[in-house]
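Trainee: Below are the structure tokens for one structure; questions will follow.
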2 protein chains.
Amino acid sequence: MTAATPLDAEELAAYLALKEVSSLLEHAVEQQLRTDGGLSGPQFQILARLSDAPAGHLRMTDLADSLVYSRSGLTYQAAQLEKQGLIMRTPAEDDERSIVVTLTPAGRELLDRVMPGHVEVVQRLLLTSLSRRDIAAITDIMGRVRDRMRTAPPRSAQRRPAGG
Amino acid sequence: MTAATPLDAEELAAYLALKEVSSLLEHAVEQQLRTDGGLSGPQFQILARLSDAPAGHLRMTDLADSLVYSRSGLTYQAAQLEKQGLIMRTPAEDDERSIVVTLTPAGRELLDRVMPGHVEVVQRLLLTSLSRRDIAAITDIMGRVRDRMRTAPPRSAQRRPAGG
DNA sequence: TATTGTTATACTCTATAACTATA
DNA sequence: TATAGTTATAGAGTATAACAATA
């Protein structure tokens with residue numbers, strides 16, 4: 001067994017600081033979304049993703065993949081959003097199995113209404129503390145980490161049946 | 001109303017990259033904790049916090065504060081952990097209202113057992129991609145952000161009753 | 001009165017498995 | 001057979017409000 005070298009002080013500090021900042025930021029953002037638009041974090045993410053999509057719509061599977069969670073979880077959220085008239089689900093034309101999710105005008109409106117507050121929170125909590133160089137550094141570093149994470153085997157090939 | 005300048009491209013990129021990395025990392029860590037020790041993220045945090053505490057114990061309120069969530073939420077988690085024999089709750093000596101939470105030997109054992117895998121995940125997903133300079137940069141930047149976040153008024157004084 | 005902690009309750013979120021329908 | 005999506009279900013987590021006890 002590889003003895004999993006414990007993190008040194010700097011590594012630990014970096015990890016913990018990153019974790020705490022993300023956690024506090026996420027918390028604050030979720031509260032703002034809830035207050036300003038009655039949206040949960042996942043719901044906002046779905047709407048935002050749709051609004052960024054080329055034609056304002058995506059298939060369920062694509063949404064689920066890009067948001068990391070299970071299809072049943074997405075079905076649940078989609079049902080909530082549809083109930084509120086924020087999205088529409090329609091059968092895909094080319095593949096009868098697929099469902100295309102579209103942002104409704106009401107959905108776009110809500111997004112527009114919620115966005116300024118969202119931006120304000122991010123500005124106030126995160127960006128205020130950052131110089132232009134800091135921002136570039138984060139983009140660079142986190143971008144690299146993200147690319148590696150996506151490349152690396154998600155789960156498998158971690159545990160070997162026999163040590164060797 | 002301050003027109004909440006929309007984030008420019010760089011700011012947005014930094015924010016999104018940060019968010020995605022944290023999210024993926026958290027996800028992976030939680031799965032590892034669950035698999036290796038049957039612990040949820042919050043439960044692990046509680047145990048870890050206790051293990052870092054000076055005498056291996058903290059009051060409920062202190063725990064709740066340092067972990068951000070509500071006291072009733074902590075009561076729930078503490079009950080789960082106590083059921084499993086990982087912590088102990090005992091009345092405080094100096095203040096009859098307070099409860100002191102202590103890590104049991106079994107709790108420490110579990111923490112020891114889970115930690116190597118935890119470290120491994122952080123190494124593999126995060127630290128592998130980082131140079132020494134990156135680590136220093138993250139520590140510096142995130143440390144600064146965290147300090148500001150803590151200093152800033154948590155919730156109040158955000159919305160003014162009248163604009164001007 | 002304020003603080004510490006618990007309880008009752010209600011709700012959201014998520015995942016797994018079983019199922020339907022199309023490719 | 002594999003893929004897309006839904007449903008049923010079950011469990012975990014969290015918060016709010018009401019409560020009891022101590023400061």
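Starting from 1 in every chain, residues are counted up; chains themselves are A, B, ... following the order of the structure tokens, and ligands are numbered from 1 as listed.
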Superposing chain A on chain B by least squares with every Cα paired in order, what RMSD results?
Mentor: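 After least-squares fitting, the two copies differ by 0.2 Å C-alpha RMSD.
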Trainee: I'd like a table as a Markdown table: residues in chain B with an atom no more than 10 Å from chain C, each row giving the shortest atom pair and its distance in Å to one decimal, only C-alpha atoms (C1' of nucleotides) counted, sorted by chain and rising residue number.
Mentor:
| residue | atom | partner | partner_atom | distance |
| --- | --- | --- | --- | --- |
| B:Arg59 | CA | C:DT4 | C1' | 9.6 |
| B:Met60 | CA | C:DG5 | C1' | 7.9 |
| B:Thr61 | CA | C:DT4 | C1' | 7.5 |
| B:Arg71 | CA | C:DG5 | C1' | 7.7 |
| B:Ser72 | CA | C:DT6 | C1' | 7.5 |
| B:Leu74 | CA | C:DG5 | C1' | 9.9 |
| B:Thr75 | CA | C:DT6 | C1' | 7.3 |
| B:Tyr76 | CA | C:DT6 | C1' | 9.3 |
| B:Asp95 | CA | C:DT4 | C1' | 9.3 |
| B:Glu96 | CA | C:DT4 | C1' | 8.9 |
| B:Arg97 | CA | C:DT4 | C1' | 5.1 |
| B:Ser98 | CA | C:DT4 | C1' | 5.6 |
| B:Ile99 | CA | C:DG5 | C1' | 7.7 |
Trainee: Which one of D:DA20, D:DA12, D:DA2, D:DT7 sits closest to chain A if you count only C-alpha atoms (C1' of nucleotides)?
Mentor: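 Of D:DA20, D:DA12, D:DA2, D:DT7, the one nearest chain A, counting only C-alpha atoms (C1' of nucleotides), is D:DT7.
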Trainee: Go through chain D residue by residue and, counting only C-alpha atoms (C1' of nucleotides), keep those with an atom at most 10 Å from chain B; for each kept residue give the shortest atom pair and its distance in Å to one decimal, ordered by chain and increasing number, as CSV.
Mentor:
residue,atom,partner,partner_atom,distance
D:DA12,C1',B:Ser40,CA,9.2
D:DG13,C1',B:Gly73,CA,7.9
D:DT14,C1',B:Gly73,CA,6.2
D:DA15,C1',B:Ser70,CA,7.3
D:DT16,C1',B:Ser72,CA,9.6
D:DA21,C1',B:Arg97,CA,7.1
D:DT22,C1',B:Arg97,CA,5.3
D:DA23,C1',B:Asp95,CA,8.1
Trainee: Enumerate as a ChimeraX atom specification all residues of chain A assigned to alpha helix (DSSP H) by DSSP on the backbone, naming them with the chain letters and numbers the document uses.
Mentor: /A:9-37,41-52,60-67,71-83,105-125,132-151
Trainee: Please return, as JSON, numbers by chain, all residues of chain A lying within 7 Å of chain B when only C-alpha atoms are considered.
Mentor: {"A": [4, 6, 7, 11, 13, 14, 17, 18, 19, 21, 22, 116, 119, 120, 125, 126, 129, 134, 135, 138, 139, 141, 142, 143, 144, 145, 146, 149]}
Trainee: Quick one: DSSP strand (DSSP E) residues in range 34-152 of chain B, as a PyMOL selection string?
Mentor: chain B and resi 57-59+87-91+99-103
Trainee: What's around Leu50 in chain A at 12 Å? Count only C-alpha atoms (C1' of nucleotides), leave out sequence neighbours fewer than 3 positions away in its own chain, and write the answer as a ChimeraX atom specification.
Mentor: /A:43-47,53-60,62-64,66-67,78,86-88,100-104,107-108,111
Trainee: How far is it from CA of Thr151 in chain A to CA of Arg49 in chain A, in Å with one decimal?
Mentor: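 The value is 21.7 Å.
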Trainee: Could you please determine the separation between CA of Arg133 in chain B and CA of Val29 in chain B in Å, to one decimal place?
Mentor: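 Atom-to-atom, CA of Arg133 in chain B and CA of Val29 in chain B are spaced 24.0 Å apart.
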Trainee: Report the distance between CA of Ser51 in chain A and CA of Arg113 in chain A in Å, rounded to one decimal place.
Mentor: 13.4 Å
